[in-house]
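K.L.:
Quick one: structure below, then a few questions.
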Amino acid sequence: MSLLEIKNAHLKLDDKNILNGVSLSVNKGEVHAIMGPNGSGKSTLSYMLAGRDGYELEEGEILLDGISLSEMEADERARSGLFLAFQYPVELPGVGGMSFLREAVNSRRKFLGEKELDHLAFVKEARKEASKMYVKDEMLKRAVNVGFSGGEKKRFEILQMAMLKPTVSILDETDSGLDVDALKIVSDGVNAQRNNDNAIVVITHYQRLLDYIVPDFVHILSDGLIIKSGGPELALEVEKNGYSGLINAA
Amino acid sequence: MVATQETIDKVKEVTSSYKYGFVTKLEAEKAPLGLSEEIVKFISNKKKEPKWLLDWRLKAYKKWLTMDEPNWAMVNFPKINFQDIYYYSAPKTKPKLNSLDEVDPELLKTYEKLGIPIKEQEALAGVAVDYVFDSVSVATTFREKLADEGIIFCPISEAVQNYPDLVKKYIGSVIPIGDNYYAALNSAVFTDGSFVFVPKGVKCPMELSTYFRINEQNSGQFERTLIIVEDNAYVSYLEGCTAPQRDENQLHAAVVELVAMDDAEIKYSTVQNWYPGDKDGKGGIYNFVTKRGNCLGKRSKISWTQVETGSAITWKYPSCVLKGDNSVGEFYSVAVANNAQQADTGTKMIHIGKNTKSTIISKGISAGKAQNTYRGQVQIQKNAMGSRNFTQCDSLLIGDQCGAHTVPYINQHTPSARVEHEATTSKISEDQLFYCLQRGLDSEQATSLIVNGFCKEVMKELPMEFAVEAQKLIGISLEGSVG
């Protein structure tokens with residue numbers, strides 16, 4: 001059984017068709033990349049999966065580990081193991097990073113029937129993971145994403161991913177706004193999460209990220225439809241010929 | 001500071017929106033309904049007061065008769081019938097209590113329901129508490145221990161008997177009887193409240209606390225608090241309040257006066273949770289309170305911290321008169337208004353002495369159909385050379401039917417002084433909520449987190465045990481405000 005199954009997803013925003021029948025199966029241990037030009041529906045797809053208000057499916061179905069997500073609110077989906085690394089992480093003034101992480105982790109642990117971590121155990125765990133992402137203690141004391149640089153924001157996203165141990169992670173344009181060094185740190189962080197029990201869906205505009213996070217499958221999204229699927233070589237084809245060549249061929 | 005899971009559970013456990021809405025069945029002794037010279041005499045007589053105090057009350061009553069209710073605040077309510085209120089209500093108990101064991105068990109149960117078992121608090125928390133139930137003070141804990149330090153902490157009615165000179169010297173010295181309509185009313189009919197005196201050089205070793213509870217139907221509560229802190233002394237004082245859930249509006253018109261001498265410091269914290277009325281605005285407390293501190297001495301400091309979540313209407317401006325050179329006034333406020341609540345609150349900083357400093361941090365949160373107004377005055381008088389004020393007013397809106405208003409008054413008469421005012425208004429954005437939800441927090445957890453983040457600068461000014469309580473309260477007050 002697939003870990004994530006998207007079946008014939010249709011979605012409208014303001015009466016405009018954005019997703020026109022997207023289908024995708026993601027198995028345990030796999031990394032999928034979804035590429036596409038601006039306006040192809042990439043971010044809509046990620047919001048739809050995460051259950052953002054206003055992004056409800058018109059038609060179709062999504063299953064996480066065999067369970068339908070349609071009736072679940074965003075927070076239930078998250079606790080069930082769906083994680084979205086945001087393209088533009090939001091600032092939460094006054095909300096300390098460490099406290100925020102702890103609330104999130106304990107919500108997930110509670111859902112899984114695990115004991116909530118006490119303060120000391122949590123701080124220890126958080127520091128360990130944070131150091132892998134080059135996130136300093138000082139940054140965890142600051143308010144979530146407030147005054148963070150582009151790179152810091154993305155590193156904090158991946159730190160959250162590492163702490164929450166999701167079954168399916170969707171990375172929305174995680175490479176945007178990153179220089180090469182930051183890209184490497186973030187990619188290493190993501191790669192360290194790869195295992196045989198989870199799956200990662202990387203949404204990206206550019207092939208560049210896929211040099212670091214090497215996908216098993218690449219899908220091209222255009223006008224709300226997956227028009228072509230293949231291996232990593234498909235991304236290189238995009239790099240070489242642009243999206244227009246592929247879209248015209250389809 | 002972030003709400004803990006425990007807080008969230010607590011919030012959920014409270015299914016009705018106001019958990020302090022119970023009524024205690026106690027026999028009460030009341031004055032006849034309404035207000036007259038006779039009632040003022042009745043109260044004074046009940047308290048066995050000296051003649052000077054009765055005369056003072058009568059003077060206030062006569063002054064009150066000539067005054068009109070203030071109408072400049074941004075609040076709307078039907079005219080109050082002052083003849084339809086009981087001005088004195090006391091639980092019927094033995095005339096004098098020798099120890100806590102003699103306190104009516106029903107009363108003790110009430111305080112337990114409120115989460116403040118008197119005995120436990122005495123033993124565990126190390127907080128000295130004065131409990132004011134309707135019109136009388138029922139128990140003051142830790143008195144002997146404080147007395148060893150020379151600190152007086154007792155009901156003001158007892159202070160009138162035991163320390164008449166101190167009371168006579170300072171009562172009305174900060175807020176004169178004719179200061180405003182409600183202060184005049186309070187001066188005429190105040191029933192009880194707390195009295196604190198900290199002598200020279202003494203740092204009060206524990207937090208002092210008063211817990212106010214309105215129980216009787218149609219009764220008003222008019223407590224009066226007087227705190228005097230001498231040279232080089234320090235006190236931190238906490239005030240909490242609740243009331244039963246009733247369909248009628250009840251009036252609370254308190255007066256709090258603080259006096260700080262040279263190098264003295266007073267920290268006064270309030271968590272106000274009077275019954276706010278139901279969702280449609282039926283019932284609830286009218287909270288018309290006058291609080292003012294006099295920084296009489298050089299380098300003295302008075303700091304007000306308030307978390308206002310309750311009351312149908314809040315009309316309250318804790319202020320500082322900065323007379324002593326180099327004295328400091330601070331005002332930290334969180335005011336939450338949900339459903340049909342109306343809050344018009346802020347402060348006055350009156351700079352009289354040289355190099356006086358004041359800081360105002362106000363956080364207003366509006367949800368439902370509530371209206372929340374910050375009203376603040378900063379006055380720098382002619383001789384207040386080198387004085388400074390910094391004001392920051394932030395408003396947070398939840399939903400699209402509520403309102404936030406900021407009304408600053410700035411009068412500056414000294415070129416060498418500096419006044420800064422910053423104001424922001426923001427909304428909890430859908431992006432912020434979605435971000436939190438995506439991390440597995442439910443919408444109430446998310447709101448509580450964002451709101452507590454917004455209030456952080458103020459919450460950190462509260463004593464620890466109060467801060468936790470205040471966070472819970474803010475969560476409860478905003479329950480259901482995010483769909």
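Quick note on naming: the chains in the structure tokens go A, B, ... in the order shown, residues restart at 1 in each chain, and ligands are numbered from 1 in order of appearance.
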I'd like the contact shell of range 230-234 of chain A - 8 Å cut-off, only C-alpha atoms, skipping same-chain residues fewer than 6 positions apart - returned as a ChimeraX atom specification.
P.N.:
/A:214-219
K.L.:
Go ahead and save the picked residues with C-alpha atoms, as a compact mmCIF listing (two decimals), in the first residue's frame.
P.N.:
# COMPACT_ATOMS: atom_id res chain seq x y z
CA VAL A 214 18.22 13.12 -5.29
CA PRO A 215 14.69 11.93 -6.07
CA ASP A 216 13.59 8.45 -7.08
CA PHE A 217 10.86 9.90 -9.30
CA VAL A 218 10.25 13.21 -11.00
CA HIS A 219 6.83 14.48 -12.09
K.L.:
When the cut-off is 12 Å and we count only C-alpha atoms, which residues of chain B are near chain A, given as a CSV table (one decimal) with C-alpha atoms, in the first residue's frame?
P.N.:
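Written out: part-v1.csv:
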chain,number,residue,atom,x,y,z
B,1,MET,CA,5.8,32.4,27.7
B,2,VAL,CA,3.8,29.7,26.1
B,3,ALA,CA,0.6,28.0,27.3
B,4,THR,CA,1.4,24.5,28.4
B,5,GLN,CA,-0.5,21.5,27.5
B,6,GLU,CA,-1.9,21.5,31.0
B,7,THR,CA,-3.3,25.0,30.3
B,8,ILE,CA,-4.9,23.8,27.2
B,396,LEU,CA,-4.7,42.6,18.1
B,426,SER,CA,-2.6,43.8,13.7
B,427,LYS,CA,-4.8,40.7,13.1
B,428,ILE,CA,-4.1,37.1,13.8
B,429,SER,CA,-3.5,36.2,10.2
B,430,GLU,CA,-4.8,33.1,8.5
B,431,ASP,CA,-1.2,32.4,7.6
B,432,GLN,CA,-0.1,32.3,11.3
B,433,LEU,CA,-3.0,30.1,12.2
B,434,PHE,CA,-2.4,27.7,9.4
B,435,TYR,CA,1.3,27.5,10.2
B,436,CYS,CA,0.5,26.5,13.8
B,437,LEU,CA,-2.2,24.0,12.7
B,438,GLN,CA,0.2,22.4,10.3
B,439,ARG,CA,2.5,21.7,13.2
B,440,GLY,CA,-0.3,19.8,14.9
B,441,LEU,CA,-1.6,22.5,17.3
B,442,ASP,CA,-5.4,22.8,17.4
B,443,SER,CA,-7.0,26.2,16.7
B,444,GLU,CA,-7.5,27.1,20.4
B,445,GLN,CA,-3.9,26.1,21.2
B,446,ALA,CA,-2.8,28.2,18.2
B,447,THR,CA,-4.8,31.2,19.2
B,448,SER,CA,-3.6,31.0,22.8
B,449,LEU,CA,0.0,30.7,21.6
B,450,ILE,CA,-0.2,33.7,19.3
B,451,VAL,CA,-2.1,35.9,21.8
B,452,ASN,CA,0.3,35.0,24.6
B,453,GLY,CA,3.2,35.8,22.3
B,454,PHE,CA,1.6,39.2,21.6
B,455,CYS,CA,1.3,39.8,25.3
B,456,LYS,CA,4.7,38.5,26.3
B,457,GLU,CA,6.2,41.9,27.2
B,458,VAL,CA,3.5,42.4,29.8
B,459,MET,CA,3.2,38.9,31.1
B,460,LYS,CA,6.8,38.8,32.0
B,483,GLY,CA,-13.9,29.3,14.2
K.L.:
Considering only C-alpha atoms, can you say which of A:Ile18, A:Tyr243, A:Ile226, A:Ile220 comes closest to Ala33 in chain A?
P.N.:
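Of the candidates, the smallest distance to Ala33 in chain A is held by A:Ile220.
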K.L.:
Between CA of Lys354 in chain B and CA of Tyr237 in chain B, measure the distance and give it in Å to one decimal.
P.N.:
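Going from CA of Lys354 in chain B over to CA of Tyr237 in chain B covers 27.4 Å.
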K.L.:
Which is closer to Arg208 in chain A than all the others in A:Ser187, A:Glu58, A:Ile170, A:Glu30, using only C-alpha atoms?
P.N.:
A:Ser187
K.L.:
Out of range 3-244 of chain A, which residues get helix (DSSP H, G or I) from DSSP, as a count of residues only?
P.N.:
96
K.L.:
With DSSP run on the backbone, what are the strand (DSSP E) residues within range 119-240 of chain A? I'd like them as a list of chain:residue names.
P.N.:
A:Val168, A:Ser169, A:Ile170, A:Leu171, A:Asp172, A:Ala199, A:Ile200, A:Val201, A:Val202, A:Ile203, A:Thr204, A:Phe217, A:Val218, A:His219, A:Ile220, A:Leu221, A:Ser222, A:Leu225, A:Ile226, A:Ile227, A:Lys228, A:Ser229, A:Gly230
K.L.:
Any idea what's packed within 10 Å of Ile227 in chain A, counting only C-alpha atoms, ignoring anything in its chain fewer than 2 positions away? Could you give it as a list in words?
P.N.:
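So, after excluding close chain neighbours, the residues are Val22, Gly36, His219, Ile220, Leu221, Ser222, Asp223, Gly224, Leu225, Ser229, Leu246, Ile247, Ala249 and Ala250 of chain A.
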K.L.:
How would the residues just picked look written out with N, CA and C atoms as a JSON list (two decimals), in the first residue's frame?
P.N.:
[["chain", "number", "residue", "atom", "x", "y", "z"],
["A", 22, "VAL", "N", -5.08, 15.46, -10.54],
["A", 22, "VAL", "CA", -3.73, 15.00, -10.20],
["A", 22, "VAL", "C", -3.81, 13.64, -9.52],
["A", 36, "GLY", "N", 7.47, 22.14, -11.94],
["A", 36, "GLY", "CA", 6.51, 22.77, -12.83],
["A", 36, "GLY", "C", 6.76, 24.26, -12.89],
["A", 219, "HIS", "N", 8.10, 14.28, -11.39],
["A", 219, "HIS", "CA", 6.83, 14.48, -12.09],
["A", 219, "HIS", "C", 6.76, 15.93, -12.56],
["A", 220, "ILE", "N", 6.23, 16.11, -13.74],
["A", 220, "ILE", "CA", 6.07, 17.47, -14.25],
["A", 220, "ILE", "C", 4.61, 17.87, -14.15],
["A", 221, "LEU", "N", 4.38, 18.97, -13.41],
["A", 221, "LEU", "CA", 3.01, 19.47, -13.23],
["A", 221, "LEU", "C", 2.81, 20.67, -14.15],
["A", 222, "SER", "N", 1.72, 20.61, -14.91],
["A", 222, "SER", "CA", 1.42, 21.74, -15.78],
["A", 222, "SER", "C", -0.09, 21.90, -15.85],
["A", 223, "ASP", "N", -0.56, 23.11, -15.62],
["A", 223, "ASP", "CA", -1.99, 23.39, -15.63],
["A", 223, "ASP", "C", -2.78, 22.42, -14.76],
["A", 224, "GLY", "N", -2.23, 22.10, -13.62],
["A", 224, "GLY", "CA", -2.97, 21.28, -12.67],
["A", 224, "GLY", "C", -3.05, 19.81, -13.03],
["A", 225, "LEU", "N", -2.14, 19.36, -13.87],
["A", 225, "LEU", "CA", -2.11, 17.94, -14.26],
["A", 225, "LEU", "C", -0.67, 17.47, -14.30],
["A", 229, "SER", "N", 5.98, 11.73, -16.06],
["A", 229, "SER", "CA", 6.70, 11.21, -14.90],
["A", 229, "SER", "C", 7.90, 10.43, -15.37],
["A", 246, "LEU", "N", 8.68, 20.36, -22.85],
["A", 246, "LEU", "CA", 7.94, 19.22, -22.32],
["A", 246, "LEU", "C", 6.44, 19.41, -22.46],
["A", 247, "ILE", "N", 6.02, 20.65, -22.14],
["A", 247, "ILE", "CA", 4.58, 20.92, -22.15],
["A", 247, "ILE", "C", 4.04, 20.81, -23.57],
["A", 249, "ALA", "N", 5.30, 19.05, -25.98],
["A", 249, "ALA", "CA", 5.34, 17.65, -26.39],
["A", 249, "ALA", "C", 4.13, 16.90, -25.85],
["A", 250, "ALA", "N", 3.73, 17.28, -24.62],
["A", 250, "ALA", "CA", 2.57, 16.61, -24.04],
["A", 250, "ALA", "C", 1.31, 17.11, -24.75]]
